[in-house]
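Chemist: Before we start, here is the structure in question, set down as C-alpha cells.
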Amino acid sequence: MKTLALFFLVLLQILSAEPSVLTDPTPAVAEEQQVETPATTEPEASSEIDTLFSGVSSGLTLQVTDLPTRPYVGEIIAISVKLTPVDLASGNIEYTLQNEEGIRIFSDTPRRNVKEDAVYDTFYFLVQSSNIRLPDITATLTSTGGTSETLSGTTLTATTLSPPSSFANVLADKFEIINYKTTVYNSESNVVIFTVKALRCNISNFSIPNAIKQGFESKLSNVGESQMTYYAIIPNTEQNLNFSYFNLKKQRYESLVIPIIVDDDTVSTQSDLSPTDARHTELKVGAAIVVVLFLFVLFYWRREKWYLYASVLPMFYIVYSLLPNQNICVKKDAPIYLLPIKNGTIFEMTLQEEHLEAEKEVGEFVKVHLSNEKVGWVNKRDLCSN
C-alpha cells in the first residue's frame, strides 16, 4: 500500500508541474518574443532620429524692420530682416522669397550688418506699381539645414508721381552731374555728353524728354552709388539742356541744367570727360619746347656743342607732333562710333572703302574726320590691311 501511495504521489507531482521542454510549446513562445522585440526597440530608434534633427525647424527667428512708410513707384526700397540668435544667424543663410507683388528684387544678395542684439540682412526692391505685397521670407541655415518659420509679407501702397514735362524718369537720394561737354553733331544739332553719379537710383530708367537721339555710352548700376556716361543729341537752337529728377530725401523735384557751350572739337572723347588724358599731347609738346629752349640757353652760355646734340630729340618730337594728320583706309560697312569705347553708340556706317583723315588714337580706336564734316571713332580692326 505504501508503495502504491508513493507511486500516485509522484504521478500527481508530474502532472501538476510546468510543461516539459519536450512537450510544451516554448520555441513558439520564443519566436513570438523575437517577433515582438523590434516593436519594443522602435520607439528608441525613432527617438534617436528625432534628437538628431531636432534643430531643423527651430532656433532661428525672423522679424522685418524699417519698413518704408511712403514708397514711390520707381523708388528702390530697403527691407531689413532681423535674425536671432546671433550665434546661429551669423552663419551662412539662404533665403526663399516668394509671392511678392508690385515689386521686383533689385539685388539678389542682401547686405549684412552684425550687431550685438541680432544679425540684420537688408534686401533691396524696385517698386513697380502702387499696390505692393512684400515677399514671404524663409531662412535656412546651410550648415545644418535648419529652417525658420515663414515670415508672411505685408501689403503697402506706393505713391504714383505726377511729374513735370522735364522729368528724366529717375528718383534718387542724390543725382549729380560730374562732367559734361557739347560738340557739333551736324549742321542742325549738337551732341551733349555728360557723366552722372547717383545714390539709390534706378539709373537704367534715365531718359531725357524731347531729345532727337539719346543713349548710354557706359553704365554701372548699383544699390548704393550708380554712374553713367550719357549722350543726347539736341537742336543747335537750344541754349541749355534741362531735365529734372525726384529727390527722395527732400521729397521734391529738382532741376538740372547743362549749359550748351560748343567745343571746337566735333565729337567728345571719354578722356575729355576725365579731363587730363585729352591734354597729354599738348603738355608733352609744351614740355619739349621748354627743354629745347633750356638747352639752347646752356649752349649760348657755355658754348658746348653737346647741348645742341641733346636738343635734337625733343625738337624731333615737336616736329612729329605738329605734322598734318595722315589719311587711313577704312573698310566698307565699318561702324563709326560716337565715343571710343566698346559697345558704344554707332551713328554712321561707311558705304564704301574710304580714306579718312586720322587725328589721334585712344586704345583700340582711331579718331577720323568724315566727309560730311562729322568726326567719329573707328576700331582698328576695321582699317584696311594694306
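The way I read the labels, and the way they are meant: chains A, B, ... in the order of the C-alpha cells, residue 1 as the first residue of every chain, and ligand 1 as the first ligand shown, with later ones counted on from there.
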Please provide the set of residues having any atom within 10 Å of A:Ala310, restricted to only C-alpha atoms, with same-chain residues fewer than 2 positions apart removed, written as a short mmCIF file (atom, residue, chain, number, x, y, z; two decimals) with N, CA and C atoms, in the first residue's frame.

Modeler:
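New file selection24.cif:
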```
data_model
loop_
_atom_site.label_atom_id
_atom_site.label_comp_id
_atom_site.auth_asym_id
_atom_site.auth_seq_id
_atom_site.Cartn_x
_atom_site.Cartn_y
_atom_site.Cartn_z
N VAL A 291 62.31 122.29 -72.86
CA VAL A 291 63.60 121.61 -72.81
C VAL A 291 64.53 122.13 -73.89
N VAL A 292 64.00 122.31 -75.12
CA VAL A 292 64.82 122.82 -76.22
C VAL A 292 65.35 124.22 -75.91
N LEU A 295 68.13 124.02 -73.33
CA LEU A 295 69.39 123.53 -73.90
C LEU A 295 70.06 124.60 -74.77
N PHE A 296 69.27 125.39 -75.49
CA PHE A 296 69.83 126.48 -76.28
C PHE A 296 70.48 127.53 -75.39
N LYS A 305 78.93 122.02 -77.61
CA LYS A 305 78.06 121.55 -78.67
C LYS A 305 77.13 120.40 -78.23
N TRP A 306 77.50 119.68 -77.20
CA TRP A 306 76.65 118.55 -76.84
C TRP A 306 75.27 118.99 -76.37
N TYR A 307 75.15 120.28 -75.96
CA TYR A 307 73.82 120.82 -75.63
C TYR A 307 72.93 120.86 -76.88
N LEU A 308 73.57 121.19 -78.03
CA LEU A 308 72.82 121.19 -79.29
C LEU A 308 72.42 119.78 -79.69
N VAL A 312 68.27 117.75 -80.14
CA VAL A 312 67.73 117.18 -81.38
C VAL A 312 66.50 116.31 -81.10
N LEU A 313 66.56 115.49 -80.07
CA LEU A 313 65.46 114.57 -79.78
C LEU A 313 64.16 115.30 -79.44
N PRO A 314 64.15 116.28 -78.51
CA PRO A 314 62.88 116.99 -78.26
C PRO A 314 62.40 117.78 -79.46
N MET A 315 63.33 118.31 -80.29
CA MET A 315 62.90 119.04 -81.49
C MET A 315 62.23 118.08 -82.47
#
```

Chemist: With a distance cut-off of 7 Å and only C-alpha atoms, select the neighbouring residues of A:Thr84, excluding the residue or stretch itself and same-chain residues fewer than 3 positions from it, and output the selection as a VMD selection string.

Modeler: chain A and resid 60 to 62 89 118 to 119

Chemist: Within 7 Å of stretch 355-365 of chain A, counting only C-alpha atoms, which residues show up once you throw out same-chain ones fewer than 4 positions away? Write them as a PyMOL selection string, please.

Modeler: chain A and resi 325-330+340+369-370+377-380

Chemist: Quick one: residues within 9 Å of A:Asn242, only C-alpha atoms, excluding same-chain residues fewer than 3 positions away - as a list of chain:residue names?

Modeler: A:Ser166, A:Ile208, A:Ser255, A:Leu256, A:Val257, A:Ile258, A:Pro259

Chemist: For the alpha helix (DSSP H) assignment from backbone DSSP, which residues of stretch 37-159 of chain A qualify? Please present them as number ranges by chain.

Modeler: A: 37-52, 86-89

Chemist: Mind checking which residues fall within 9 Å of A:Ile77, counting only C-alpha atoms, ignoring those fewer than 4 positions away in the same chain, and posting them as a PyMOL selection string?

Modeler: chain A and resi 67-68+71-72+123-127+200

Chemist: Between atom CA of A:Ser218 and atom CA of A:Ile336, what is the distance, to one decimal in Å?

Modeler: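 One can read the atom CA of A:Ser218 to atom CA of A:Ile336 distance as 17.0 Å.
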
Chemist: Which residues, written as number ranges by chain, have at least one atom at most 7 Å from A:Ala158, with only C-alpha atoms counted and residues fewer than 2 positions away on the same chain left out?

Modeler: A: 70-73, 129-131, 156, 160

Chemist: Using only N, CA, C and O atoms, please write the residues we just selected to a file, as a short mmCIF file (atom, residue, chain, number, x, y, z; two decimals), in the first residue's frame.

Modeler:
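Now in selection.cif:
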```cif
data_model
loop_
_atom_site.label_atom_id
_atom_site.label_comp_id
_atom_site.auth_asym_id
_atom_site.auth_seq_id
_atom_site.Cartn_x
_atom_site.Cartn_y
_atom_site.Cartn_z
N ARG A 70 6.36 105.50 -46.89
CA ARG A 70 5.72 106.16 -48.02
C ARG A 70 6.55 105.94 -49.30
O ARG A 70 7.21 106.84 -49.78
N PRO A 71 6.54 104.73 -49.82
CA PRO A 71 7.33 104.48 -51.02
C PRO A 71 6.70 105.11 -52.25
O PRO A 71 5.49 105.39 -52.29
N TYR A 72 7.54 105.32 -53.28
CA TYR A 72 7.07 105.87 -54.56
C TYR A 72 7.29 104.83 -55.65
O TYR A 72 8.23 104.03 -55.60
N VAL A 73 6.43 104.84 -56.64
CA VAL A 73 6.62 103.98 -57.80
C VAL A 73 7.89 104.44 -58.51
O VAL A 73 8.04 105.61 -58.85
N SER A 129 4.61 99.19 -59.01
CA SER A 129 3.20 99.60 -59.07
C SER A 129 2.77 100.11 -57.71
O SER A 129 3.50 99.99 -56.72
N SER A 130 1.58 100.68 -57.67
CA SER A 130 1.10 101.29 -56.43
C SER A 130 0.67 100.26 -55.39
O SER A 130 0.68 100.53 -54.19
N ASN A 131 0.25 99.07 -55.84
CA ASN A 131 -0.17 98.02 -54.91
C ASN A 131 0.98 97.05 -54.69
O ASN A 131 1.42 96.36 -55.62
N LEU A 156 1.60 97.10 -48.86
CA LEU A 156 1.87 98.53 -48.80
C LEU A 156 1.23 99.20 -50.00
O LEU A 156 0.93 98.56 -51.01
N THR A 160 2.12 107.20 -56.72
CA THR A 160 2.49 107.42 -58.13
C THR A 160 2.71 108.90 -58.35
O THR A 160 1.85 109.73 -58.04
#
```
